[in-house]
$ cat target.txt   # compact mmCIF, C-alpha atoms and all ligand atoms
# COMPACT_ATOMS: atom_id res chain seq x y z
CA MET A 1 -28.21 -19.66 35.25
CA SER A 2 -24.81 -21.03 34.15
CA ALA A 3 -21.46 -19.73 35.44
CA LYS A 4 -19.89 -16.77 33.67
CA VAL A 5 -16.29 -15.83 32.91
CA ASP A 6 -16.41 -12.85 35.26
CA ASP A 7 -16.78 -15.22 38.21
CA PHE A 8 -13.10 -16.18 37.65
CA ARG A 9 -9.72 -14.45 37.59
CA LEU A 10 -6.35 -15.36 36.08
CA ASN A 11 -3.33 -14.92 38.37
CA LEU A 12 -0.18 -14.35 36.38
CA GLY A 13 3.14 -12.88 37.45
CA GLY A 14 1.62 -11.48 40.65
CA ALA A 15 -1.22 -9.69 38.85
CA GLU A 16 -4.89 -10.53 38.44
CA TYR A 17 -6.64 -10.48 35.07
CA VAL A 18 -10.08 -11.03 33.60
CA PRO A 19 -9.44 -14.51 32.17
CA ILE A 20 -9.91 -13.61 28.51
CA VAL A 21 -6.89 -13.60 26.21
CA ILE A 22 -7.26 -12.35 22.64
CA GLY A 23 -4.86 -14.52 20.66
CA GLY A 24 -2.15 -13.24 18.34
CA MET A 25 -3.20 -12.99 14.68
CA GLY A 26 -0.56 -12.15 12.12
CA VAL A 27 0.02 -10.19 9.98
CA ASP A 28 -1.40 -7.30 12.00
CA ILE A 29 -4.86 -8.86 12.20
CA SER A 30 -4.66 -8.58 15.98
CA THR A 31 -3.71 -4.91 15.82
CA SER A 32 -2.37 -2.81 18.66
CA GLU A 33 -5.85 -1.26 18.87
CA LEU A 34 -7.47 -4.66 19.42
CA ALA A 35 -4.90 -5.64 22.05
CA LEU A 36 -5.37 -2.29 23.79
CA VAL A 37 -9.11 -2.96 24.18
CA ALA A 38 -8.37 -6.23 25.98
CA ALA A 39 -5.86 -4.51 28.28
CA ARG A 40 -8.21 -1.61 29.01
CA ASN A 41 -10.87 -4.10 30.09
CA GLY A 42 -8.56 -6.03 32.40
CA GLY A 43 -7.79 -8.95 30.06
CA ILE A 44 -4.77 -9.81 27.92
CA GLY A 45 -4.40 -8.79 24.27
CA HIS A 46 -1.78 -9.87 21.77
CA ILE A 47 0.04 -8.16 19.01
CA SER A 48 1.83 -10.43 16.55
CA ASP A 49 5.44 -10.03 15.56
CA ALA A 50 4.88 -11.55 12.12
CA MET A 51 6.57 -9.31 9.53
CA SER A 52 7.05 -6.43 11.99
CA PRO A 53 9.27 -4.39 9.61
CA PHE A 54 6.50 -4.52 7.01
CA VAL A 55 3.89 -3.65 9.66
CA SER A 56 6.07 -0.77 10.88
CA ASP A 57 6.28 0.61 7.33
CA ARG A 58 2.51 0.59 7.04
CA LYS A 59 1.88 2.12 10.46
CA PHE A 60 4.78 4.50 10.95
CA ASP A 61 5.92 5.20 7.41
CA THR A 62 9.34 3.63 7.94
CA LYS A 63 11.11 2.20 4.86
CA TYR A 64 12.42 -1.17 6.01
CA THR A 65 10.80 -3.21 3.23
CA LYS A 66 12.19 -0.96 0.51
CA ALA A 67 15.66 -1.07 2.05
CA LYS A 68 15.55 -4.85 2.17
CA SER A 69 14.39 -5.04 -1.42
CA LEU A 70 17.38 -2.93 -2.47
CA LEU A 71 19.79 -4.97 -0.35
CA ASN A 72 18.67 -8.13 -2.14
CA ARG A 73 18.02 -6.84 -5.62
CA ALA A 74 20.59 -9.22 -7.19
CA SER A 75 18.26 -12.23 -6.88
CA ARG A 76 15.11 -10.49 -8.09
CA ASP A 77 14.95 -12.40 -11.37
CA GLN A 78 16.48 -15.63 -10.11
CA ILE A 79 14.78 -18.64 -8.64
CA ASP A 80 17.67 -19.22 -6.23
CA LYS A 81 16.96 -17.12 -3.11
CA THR A 82 19.74 -18.46 -0.90
CA SER A 83 21.54 -15.10 -0.93
CA VAL A 84 18.52 -13.17 0.47
CA ARG A 85 19.42 -11.50 3.78
CA PHE A 86 17.71 -9.46 6.47
CA ASP A 87 19.40 -6.58 8.23
CA PHE A 88 18.94 -7.71 11.83
CA GLY A 89 19.74 -4.25 13.19
CA GLN A 90 16.73 -2.95 11.28
CA LEU A 91 14.61 -5.89 12.38
CA TYR A 92 15.41 -5.05 16.02
CA GLU A 93 14.58 -1.38 15.48
CA ALA A 94 11.28 -2.16 13.75
CA GLN A 95 10.14 -4.67 16.35
CA ARG A 96 11.14 -2.53 19.30
CA GLY A 97 9.48 0.56 17.84
CA TYR A 98 6.25 -1.34 17.25
CA VAL A 99 6.19 -2.74 20.79
CA GLU A 100 7.07 0.61 22.41
CA ASN A 101 4.35 2.37 20.44
CA THR A 102 1.74 -0.16 21.57
CA ILE A 103 2.82 -0.36 25.21
CA GLY A 104 3.07 3.44 25.39
CA ARG A 105 -0.68 3.64 24.71
CA LYS A 106 -1.75 1.01 27.21
CA GLN A 107 -4.42 1.90 29.75
CA GLY A 108 -6.18 -0.17 32.38
CA SER A 109 -5.16 -3.13 34.46
CA GLY A 110 -4.72 -5.69 31.68
CA ALA A 111 -1.62 -6.72 29.73
CA ILE A 112 -0.25 -6.76 26.22
CA HIS A 113 1.65 -9.80 25.03
CA ILE A 114 3.34 -10.54 21.74
CA ASN A 115 2.95 -13.74 19.70
CA VAL A 116 6.31 -14.93 18.37
CA MET A 117 6.31 -17.72 15.76
CA GLU A 118 9.42 -19.89 15.59
CA LYS A 119 8.48 -21.00 12.10
CA LEU A 120 9.22 -17.54 10.68
CA GLN A 121 12.90 -18.32 10.19
CA MET A 122 13.83 -15.40 7.93
CA GLY A 123 16.80 -17.33 6.54
CA SER A 124 18.48 -17.45 9.93
CA PRO A 125 16.40 -19.22 12.60
CA SER A 126 18.37 -18.41 15.76
CA GLU A 127 19.35 -14.88 14.88
CA THR A 128 15.83 -13.82 13.95
CA LEU A 129 14.30 -15.33 17.08
CA ARG A 130 16.88 -13.77 19.37
CA THR A 131 16.48 -10.39 17.71
CA ARG A 132 12.69 -10.40 17.83
CA LEU A 133 12.51 -11.65 21.43
CA GLU A 134 15.16 -9.21 22.71
CA ALA A 135 13.51 -6.29 20.91
CA ALA A 136 10.10 -7.15 22.38
CA MET A 137 11.52 -7.36 25.90
CA ASP A 138 13.57 -4.19 25.54
CA GLY A 139 10.48 -2.45 24.15
CA GLY A 140 8.59 -3.20 27.38
CA ILE A 141 6.21 -5.99 26.36
CA ASP A 142 4.30 -7.54 29.30
CA GLY A 143 4.48 -11.10 28.00
CA ILE A 144 5.65 -13.31 25.17
CA THR A 145 3.65 -16.20 23.73
CA LEU A 146 5.93 -18.58 21.87
CA SER A 147 4.11 -20.27 18.99
CA ALA A 148 4.43 -22.25 15.76
CA GLY A 149 7.25 -24.51 16.90
CA LEU A 150 8.68 -26.41 19.85
CA HIS A 151 10.95 -23.50 20.88
CA THR A 152 13.57 -25.78 22.40
CA SER A 153 16.27 -23.09 22.21
CA SER A 154 14.21 -19.89 22.58
CA LEU A 155 14.67 -19.52 26.34
CA ARG A 156 18.42 -20.08 26.07
CA LEU A 157 18.65 -17.36 23.41
CA ILE A 158 17.32 -14.69 25.78
CA LYS A 159 18.53 -15.90 29.17
CA ASP A 160 20.90 -12.95 29.60
CA ASN A 161 18.26 -10.32 28.94
CA PRO A 162 17.65 -8.32 32.16
CA ARG A 163 13.90 -8.95 31.82
CA PHE A 164 14.24 -12.74 31.39
CA HIS A 165 12.62 -13.47 34.77
CA ASP A 166 10.31 -10.47 34.82
CA VAL A 167 8.47 -10.80 31.49
CA ASN A 168 5.69 -13.41 31.38
CA ILE A 169 6.59 -16.21 28.99
CA GLY A 170 4.09 -18.74 27.70
CA ILE A 171 4.06 -21.38 25.01
CA ILE A 172 1.35 -22.65 22.68
CA VAL A 173 1.20 -26.45 22.50
CA SER A 174 -1.27 -28.90 21.01
CA SER A 175 -0.15 -31.95 22.98
CA LEU A 176 1.33 -32.98 26.31
CA ARG A 177 4.29 -34.36 24.38
CA ALA A 178 5.17 -30.92 23.01
CA LEU A 179 4.80 -29.38 26.47
CA LYS A 180 7.16 -31.93 28.00
CA ILE A 181 9.81 -31.14 25.37
CA PHE A 182 9.53 -27.43 26.16
CA LEU A 183 9.67 -27.99 29.92
CA ARG A 184 12.92 -29.95 29.49
CA SER A 185 14.45 -27.01 27.60
CA GLY A 186 13.25 -24.67 30.39
CA LYS A 187 14.92 -26.78 33.07
CA ARG A 188 18.27 -26.25 31.36
CA VAL A 189 18.06 -22.48 31.95
CA ASP A 190 16.05 -22.65 35.16
CA ARG A 191 13.00 -21.01 33.61
CA MET A 192 9.54 -22.56 33.65
CA PRO A 193 6.80 -21.06 31.48
CA ASP A 194 4.38 -18.73 33.27
CA TYR A 195 1.41 -20.07 31.29
CA VAL A 196 0.60 -22.72 28.71
CA VAL A 197 -1.87 -22.13 25.88
CA VAL A 198 -3.35 -25.43 24.74
CA GLU A 199 -4.57 -24.98 21.19
CA GLY A 200 -7.00 -27.59 19.92
CA PRO A 201 -7.90 -28.65 16.38
CA LEU A 202 -10.72 -26.11 15.87
CA ALA A 203 -8.48 -23.03 16.14
CA GLY A 204 -7.75 -20.47 13.43
CA GLY A 205 -4.35 -19.94 11.86
CA HIS A 206 -1.85 -22.77 11.46
CA LEU A 207 -2.60 -25.98 13.32
CA GLY A 208 -0.28 -28.05 15.48
CA PHE A 209 -1.94 -31.23 14.20
CA GLY A 210 -1.52 -33.47 11.17
CA GLU A 211 -4.19 -34.74 8.76
CA ASP A 212 -5.82 -36.64 11.66
CA TRP A 213 -6.71 -33.34 13.41
CA ALA A 214 -10.42 -34.24 13.57
CA GLU A 215 -9.67 -37.13 15.92
CA TYR A 216 -8.59 -34.79 18.73
CA ARG A 217 -10.72 -32.85 21.22
CA LEU A 218 -9.51 -29.71 22.96
CA LYS A 219 -11.15 -30.70 26.24
CA ASP A 220 -9.31 -34.03 26.39
CA ILE A 221 -5.90 -32.42 25.81
CA VAL A 222 -6.63 -29.69 28.37
CA VAL A 223 -7.63 -32.20 31.05
CA GLU A 224 -4.54 -34.32 30.32
CA ILE A 225 -2.26 -31.29 30.67
CA ILE A 226 -3.96 -29.95 33.81
CA ASN A 227 -3.59 -33.39 35.45
CA PHE A 228 0.05 -33.68 34.39
CA LEU A 229 0.96 -30.25 35.81
CA ARG A 230 -0.86 -31.04 39.06
CA ASP A 231 1.02 -34.36 39.40
CA GLU A 232 4.31 -32.55 38.79
CA ASN A 233 3.44 -29.86 41.34
CA LEU A 234 3.78 -27.21 38.67
CA ASP A 235 1.48 -24.25 39.29
CA ILE A 236 1.22 -23.04 35.70
CA PRO A 237 -2.10 -21.69 34.36
CA VAL A 238 -3.49 -23.61 31.38
CA ILE A 239 -5.26 -21.55 28.72
CA PRO A 240 -7.41 -23.50 26.22
CA ALA A 241 -7.84 -22.11 22.71
CA GLY A 242 -9.77 -23.11 19.60
CA GLY A 243 -13.53 -23.12 19.22
CA VAL A 244 -14.39 -21.27 22.45
CA PHE A 245 -17.26 -19.34 20.91
CA THR A 246 -19.55 -18.28 23.78
CA GLY A 247 -18.89 -16.98 27.27
CA THR A 248 -20.40 -20.21 28.54
CA ASP A 249 -17.93 -22.30 26.50
CA ALA A 250 -15.22 -20.28 28.24
CA ALA A 251 -16.74 -20.60 31.72
CA GLU A 252 -16.95 -24.37 31.28
CA PHE A 253 -13.18 -24.54 30.73
CA LEU A 254 -12.59 -22.29 33.75
CA GLN A 255 -14.73 -24.62 35.86
CA LEU A 256 -12.54 -27.51 34.70
CA GLY A 257 -9.49 -25.76 36.15
CA ALA A 258 -8.23 -23.67 33.22
CA GLY A 259 -6.67 -20.31 34.15
CA ALA A 260 -8.16 -18.37 31.22
CA VAL A 261 -9.26 -18.96 27.61
CA GLN A 262 -7.65 -17.70 24.43
CA VAL A 263 -10.06 -16.60 21.71
CA ALA A 264 -9.64 -15.05 18.28
CA THR A 265 -12.27 -15.76 15.61
CA ARG A 266 -15.00 -13.69 17.27
CA PHE A 267 -12.66 -10.69 17.19
CA THR A 268 -11.94 -10.94 13.46
CA VAL A 269 -15.16 -9.04 12.71
CA THR A 270 -14.52 -6.19 15.11
CA GLU A 271 -13.88 -2.58 14.13
CA GLU A 272 -10.38 -2.77 15.66
CA CYS A 273 -9.33 -5.95 13.82
CA GLY A 274 -6.78 -5.35 11.04
CA LEU A 275 -8.49 -7.44 8.33
CA SER A 276 -9.83 -5.59 5.29
CA PRO A 277 -13.55 -4.67 5.25
CA ARG A 278 -14.01 -7.20 2.43
CA ALA A 279 -12.45 -10.00 4.48
CA LYS A 280 -14.56 -9.15 7.53
CA GLN A 281 -17.75 -9.40 5.47
CA ALA A 282 -16.54 -12.73 4.01
CA TYR A 283 -16.02 -14.06 7.55
CA PHE A 284 -19.54 -13.02 8.53
CA ALA A 285 -21.07 -14.53 5.39
CA ALA A 286 -19.09 -17.79 5.62
CA THR A 287 -20.99 -21.06 5.55
CA GLU A 288 -19.78 -24.27 7.17
CA ASP A 289 -18.96 -25.92 3.84
CA GLN A 290 -16.60 -23.04 2.96
CA VAL A 291 -14.28 -23.84 5.88
CA GLU A 292 -11.41 -26.20 5.16
CA VAL A 293 -8.16 -27.40 6.67
CA SER A 294 -5.63 -27.04 3.91
CA SER A 295 -2.00 -27.83 3.10
CA VAL A 296 -1.46 -24.73 0.92
CA SER A 297 0.60 -22.84 3.49
CA ALA A 298 4.28 -22.70 2.58
CA THR A 299 5.14 -23.08 6.28
CA GLY A 300 4.45 -26.83 6.06
CA TYR A 301 1.75 -26.59 8.75
CA LEU A 302 -1.90 -27.21 7.98
CA ILE A 303 -3.99 -24.05 8.04
CA ARG A 304 -7.73 -23.55 8.47
CA LEU A 305 -9.15 -21.08 5.97
CA LEU A 306 -12.11 -20.16 3.83
CA LYS A 307 -12.04 -21.87 0.44
CA ASN A 308 -12.88 -18.55 -1.21
CA SER A 309 -9.68 -16.88 0.10
CA PRO A 310 -8.29 -14.72 -2.73
CA ALA A 311 -4.81 -16.18 -2.17
CA ILE A 312 -5.82 -19.61 -3.43
CA GLY A 313 -4.81 -20.29 -7.01
CA SER A 314 -2.89 -17.05 -7.45
CA ASN A 315 0.37 -17.05 -9.42
CA ILE A 316 2.30 -14.26 -7.76
CA LYS A 317 6.07 -14.26 -8.28
CA PRO A 318 7.92 -15.12 -5.03
CA GLN A 319 8.42 -11.91 -3.01
CA CYS A 320 11.56 -12.92 -1.10
CA GLU A 321 13.58 -9.76 -1.78
CA PRO A 322 11.22 -7.33 0.01
CA LEU A 323 9.61 -9.96 2.30
CA GLY A 324 11.09 -13.49 2.56
CA TYR A 325 9.98 -14.11 6.16
CA ASN A 326 9.34 -17.81 5.50
CA LEU A 327 12.81 -18.61 4.11
CA ASP A 328 14.33 -21.46 6.08
CA ALA A 329 17.93 -21.88 7.27
CA THR A 330 19.04 -22.82 3.76
CA GLY A 331 17.20 -19.95 2.06
CA ASN A 332 14.30 -22.03 0.76
CA CYS A 333 10.53 -21.74 0.88
CA SER A 334 8.26 -24.40 -0.61
CA TYR A 335 6.32 -21.76 -2.56
CA ILE A 336 9.41 -20.96 -4.64
CA GLN A 337 9.55 -24.52 -6.01
CA ALA A 338 5.76 -24.68 -6.45
CA TRP A 339 5.83 -21.47 -8.48
CA ASP A 340 8.85 -22.58 -10.52
CA ASN A 341 7.18 -25.92 -11.35
CA THR A 342 3.96 -24.27 -12.54
CA PRO A 343 3.79 -24.02 -16.34
CA VAL A 344 3.10 -20.92 -18.39
CA GLY A 345 -0.32 -20.76 -20.07
CA PRO A 346 -1.14 -19.90 -23.72
CA ASP A 347 -1.21 -16.18 -22.86
CA GLY A 348 2.44 -16.34 -21.72
CA LYS A 349 1.52 -15.95 -18.04
CA LYS A 350 2.08 -18.49 -15.26
CA LEU A 351 -0.95 -20.67 -14.64
CA PRO A 352 -2.36 -20.57 -11.09
CA VAL A 353 -0.14 -22.23 -8.49
CA THR A 354 -2.45 -24.78 -6.92
CA ASP A 355 -0.52 -26.54 -4.17
CA LYS A 356 1.10 -23.64 -2.23
CA ILE A 357 0.58 -19.93 -1.60
CA CYS A 358 3.13 -17.16 -1.14
CA ILE A 359 2.25 -16.57 2.50
CA CYS A 360 4.34 -13.41 2.88
CA TYR A 361 2.66 -11.61 0.00
CA HIS A 362 -0.84 -12.89 0.64
CA PHE A 363 -0.82 -12.40 4.42
CA SER A 364 0.45 -8.86 3.83
CA LYS A 365 -2.59 -8.24 1.61
CA HIS A 366 -5.05 -10.09 3.90
CA ASN A 367 -5.82 -12.51 1.10
CA VAL A 368 -5.54 -15.58 3.35
CA TRP A 369 -8.86 -15.81 5.15
CA THR A 370 -7.74 -18.01 8.00
CA CYS A 371 -10.37 -18.59 10.67
CA GLY A 372 -11.47 -20.84 13.48
CA HIS A 373 -13.87 -23.68 12.70
CA PHE A 374 -16.90 -21.77 14.02
CA VAL A 375 -16.44 -18.79 11.70
CA TYR A 376 -19.80 -19.65 10.13
CA ARG A 377 -21.52 -18.72 13.42
CA LEU A 378 -20.27 -15.12 13.32
CA LYS A 379 -23.38 -14.01 11.42
CA ASP A 380 -25.37 -14.88 14.56
CA THR A 381 -23.34 -12.40 16.63
CA THR A 382 -24.45 -9.22 14.87
CA ASN A 383 -27.16 -7.40 12.91
CA ARG A 384 -27.66 -7.48 9.17
CA LEU A 385 -27.92 -3.91 7.87
CA PRO A 386 -30.38 -2.64 5.23
CA ASP A 387 -27.66 -2.73 2.53
CA GLY A 388 -27.20 -6.47 3.18
CA SER A 389 -23.85 -6.09 4.92
CA TYR A 390 -23.17 -7.21 8.48
CA GLN A 391 -22.61 -4.69 11.25
CA LEU A 392 -19.03 -4.67 12.53
CA LEU A 393 -18.70 -5.05 16.27
CA PRO A 394 -16.78 -2.90 18.73
CA ALA A 395 -14.13 -5.20 20.28
CA GLU A 396 -15.26 -4.12 23.73
CA HIS A 397 -18.73 -5.46 22.97
CA VAL A 398 -17.31 -8.89 22.08
CA PHE A 399 -15.01 -8.85 25.11
CA ASN A 400 -17.92 -8.07 27.44
CA ASP A 401 -20.10 -10.67 25.77
CA TYR A 402 -17.48 -13.31 26.61
CA ARG A 403 -17.11 -11.87 30.09
CA TYR A 404 -20.69 -11.58 31.23
CA SER A 405 -22.91 -13.86 29.13
CA THR A 406 -24.55 -16.99 30.47
CA ASP A 407 -26.41 -20.00 29.04
CA HIS A 408 -24.57 -19.78 25.68
CA GLU A 409 -26.38 -16.55 24.88
CA ILE A 410 -24.76 -14.01 22.57
CA GLN A 411 -25.68 -10.34 22.91
CA LEU A 412 -26.19 -8.48 19.61
CA PRO A 413 -24.72 -4.96 19.40
CA PRO A 414 -26.99 -1.90 19.47
CA LEU A 415 -27.91 -0.93 15.91
CA PRO A 416 -26.07 2.09 14.50
CA ALA A 417 -28.16 5.27 14.67
CA ALA A 418 -30.71 5.51 11.84
CA ALA A 419 -30.25 1.95 10.68
CA GLY A 420 -32.90 -0.72 10.77
CA SER A 421 -31.79 -4.31 10.39
CA LEU A 422 -33.04 -6.54 7.60
C1 LIG A 501 -7.26 -14.77 11.57
C2 LIG A 501 -6.43 -15.57 12.53
C3 LIG A 501 -5.05 -15.46 12.50
C4 LIG A 501 -4.27 -16.18 13.41
N1 LIG A 501 -2.91 -16.01 13.40
C5 LIG A 501 -2.16 -16.62 14.35
C6 LIG A 501 -0.77 -16.35 14.43
O1 LIG A 501 -0.22 -15.55 13.66
N2 LIG A 501 -0.04 -17.00 15.37
C7 LIG A 501 -0.63 -17.87 16.27
O2 LIG A 501 0.06 -18.44 17.12
N3 LIG A 501 -1.96 -18.11 16.23
C8 LIG A 501 -2.73 -17.50 15.30
N4 LIG A 501 -4.09 -17.70 15.30
C9 LIG A 501 -4.70 -18.55 16.38
C10 LIG A 501 -5.32 -17.69 17.48
O3 LIG A 501 -4.35 -16.89 18.13
C11 LIG A 501 -6.10 -18.48 18.54
O4 LIG A 501 -5.27 -19.27 19.35
C12 LIG A 501 -7.18 -19.38 17.98
O5 LIG A 501 -7.67 -18.98 16.74
C13 LIG A 501 -8.34 -19.44 18.99
O6 LIG A 501 -9.42 -20.14 18.48
P1 LIG A 501 -10.74 -19.38 17.93
O7 LIG A 501 -10.32 -18.61 16.76
O8 LIG A 501 -11.67 -20.51 17.62
O9 LIG A 501 -11.27 -18.51 19.04
C14 LIG A 501 -4.89 -17.03 14.37
C15 LIG A 501 -6.29 -17.14 14.37
C16 LIG A 501 -7.05 -16.43 13.48
C17 LIG A 501 -8.57 -16.55 13.52

$ encode --input "target.txt" --output "structure tokens"
Amino acid sequence: MSAKVDDFRLNLGGAEYVPIVIGGMGVDISTSELALVAARNGGIGHISDAMSPFVSDRKFDTKYTKAKSLLNRASRDQIDKTSVRFDFGQLYEAQRGYVENTIGRKQGSGAIHINVMEKLQMGSPSETLRTRLEAAMDGGIDGITLSAGLHTSSLRLIKDNPRFHDVNIGIIVSSLRALKIFLRSGKRVDRMPDYVVVEGPLAGGHLGFGEDWAEYRLKDIVVEIINFLRDENLDIPVIPAGGVFTGTDAAEFLQLGAGAVQVATRFTVTEECGLSPRAKQAYFAATEDQVEVSSVSATGYLIRLLKNSPAIGSNIKPQCEPLGYNLDATGNCSYIQAWDNTPVGPDGKKLPVTDKICICYHFSKHNVWTCGHFVYRLKDTTNRLPDGSYQLLPAEHVFNDYRYSTDHEIQLPPLPAAAGSL
């Protein structure tokens, strides 16, 4: 019988965890409820801070998005969005409220971390990062995973926060080179990361690779980084991510010297995941030829998604007044130009925008079906129900399957009462 994940433990910040981390999935795909399951079972769950004012409105009936829309109404019918502003006081309030609400419900010996993407510049890169990081720390988050960027100034921005040395801070990298850059920035404020997530080319979401992504292997990068840290006498747990589909895949990385694994795709089809029911069924039904690595994201990063994502080929007007999370330091987003350059059809309506998508609008509607490479194996993790749909999984079932399974086996969930499978 092969080794299993439960034979190992992750030591982080003086605590011991089941070495399973559910990765951050924005916008509110990795919900508080999903993260809470990981924590209750002794692992680590993530919420995502992507568009937290919008998420707060949906969860707690706040009105941040409407207020922002009103604040910026002057540019509603203009293509120039450089005047669009966020109220950073409100951003702080929204983020802190969301974190406090989640942490306030935590049970068990695990932890809840927040995924913070540098790329979401909100028209003011430093101010938004500082605000979101401070609010998460002040709201009591257990850990922060810095992602989607090199984060060379993130530690400096929060070095005076009273929790700077107490909160666990990790970074997601896809190469040793990126890790070295981050470590140099840490030295300047005397703060090393507490963990390093190494995300390979098979992960879901945006990728830290270029068009040559298929030439890289997660295992090679992980081994290179483990060896580097050992040579530098740095005792920092390494957490591989991307394509870890079975408990045995995970255990193999733990045997190599990884501290834990970060997984996401298998949790996209759980009851607690924030995706719409339609999206969850599309993930289950996906075939390998529907999965592509695409350049349509207005962030400039490649993204892995299903070709049948509803966002592709839409012609939605840029939504920067209410949303605008992807506006860069100069108030631009590549979708604005793509939309402006798209001609109007014979019916007087814009033709579909083919090269970019409005990520704020479409992520808010769960129209971007981003997924890990092995999404097409999800159908093998559940039962098909008599109506042809796939049975959603309790997150705890998936967590325990990772934790206890051996020999690459995947346990199917018990059938719902009174249902026979197809
Ligand atoms: C639907 C989905 C959304 C994701 N969103 C984010 C995100 O907002 N930020 C981020 O750093 N990673 C994101 N990821 C990456 C995951 O956190 C994780 O590292 C990766 O997908 C693990 O690989 P796996 O999906 O093959 O298990 C996302 C992944 C998925 C599947």

$ closest_atom_pairs --input "target.txt" --of "chain A" --to "ligand LIG 501 (chain A)" --cutoff "8 Å" --atoms "all atoms listed in the file" --output "tab-separated table"
residue	atom	partner	partner_atom	distance
A:Ile22	CA	A:LIG501	O3	7.0
A:Gly23	CA	A:LIG501	O3	3.5
A:Gly24	CA	A:LIG501	O3	4.3
A:Met25	CA	A:LIG501	N1	3.3
A:Gly26	CA	A:LIG501	O1	3.7
A:Val27	CA	A:LIG501	O1	6.5
A:Ile29	CA	A:LIG501	C1	6.4
A:Ser30	CA	A:LIG501	C3	7.7
A:Ser48	CA	A:LIG501	O1	6.2
A:Ala50	CA	A:LIG501	O1	6.7
A:Asn115	CA	A:LIG501	O2	6.1
A:Val116	CA	A:LIG501	O2	7.3
A:Met117	CA	A:LIG501	N2	6.4
A:Thr145	CA	A:LIG501	O2	7.8
A:Leu146	CA	A:LIG501	O2	7.6
A:Ser147	CA	A:LIG501	O2	4.8
A:Ala148	CA	A:LIG501	O2	6.0
A:Ile172	CA	A:LIG501	O2	7.1
A:Val197	CA	A:LIG501	O4	7.9
A:Glu199	CA	A:LIG501	O4	6.0
A:Gly200	CA	A:LIG501	O6	8.0
A:Leu202	CA	A:LIG501	O8	5.9
A:Ala203	CA	A:LIG501	O6	3.8
A:Gly204	CA	A:LIG501	O5	3.6
A:Gly205	CA	A:LIG501	C14	3.9
A:His206	CA	A:LIG501	C8	6.6
A:Ala241	CA	A:LIG501	C13	4.6
A:Gly242	CA	A:LIG501	O6	3.2
A:Gly243	CA	A:LIG501	O8	3.6
A:Val244	CA	A:LIG501	O9	5.4
A:Phe245	CA	A:LIG501	O9	6.3
A:Gln262	CA	A:LIG501	C13	5.8
A:Val263	CA	A:LIG501	O9	3.5
A:Ala264	CA	A:LIG501	O9	3.9
A:Thr265	CA	A:LIG501	O7	3.6
A:Arg266	CA	A:LIG501	O9	6.3
A:Thr268	CA	A:LIG501	C1	6.3
A:Trp369	CA	A:LIG501	C1	6.7
A:Thr370	CA	A:LIG501	C1	4.8
A:Cys371	CA	A:LIG501	C17	3.9
A:Gly372	CA	A:LIG501	O7	4.1
A:His373	CA	A:LIG501	O8	6.3
A:Phe374	CA	A:LIG501	O8	6.5
A:Val375	CA	A:LIG501	O8	7.8

$ residues_around --input "target.txt" --residues "Cys333 in chain A" --least-positions-apart "3" --cutoff "12 Å" --atoms "all atoms listed in the file" --output "PyMOL selection string"
chain A and resi 79-82+84+119-123+297-300+318-320+323-330+336-340+356-360

$ closest_residue --input "target.txt" --among "A:Gly210, A:Pro386, A:Pro19, A:Pro322" --to "Tyr64 in chain A" --atoms "all atoms listed in the file"
A:Pro322

$ atom_distance --input "target.txt" --atom1 "CA of Lys187 in chain A" --atom2 "CA of Leu10 in chain A"
24.3 Å

$ atom_distance --input "target.txt" --atom1 "CA of Val198 in chain A" --atom2 "CA of Ser32 in chain A"
23.4 Å

$ atom_distance --input "target.txt" --atom1 "CA of Ala285 in chain A" --atom2 "CA of Glu33 in chain A"
24.3 Å

$ closest_residue --input "target.txt" --among "A:Leu415, A:Leu179, A:Ala260, A:Ala67" --to "Tyr17 in chain A" --atoms "all atoms listed in the file"
A:Ala260

$ residues_near_point --input "target.txt" --point "(-10.8, -23.8, 38.2)" --cutoff "12 Å" --atoms "all atoms listed in the file" --output "ChimeraX atom specification"
/A:3,5,7-11,19,223,226,237-239,250-261
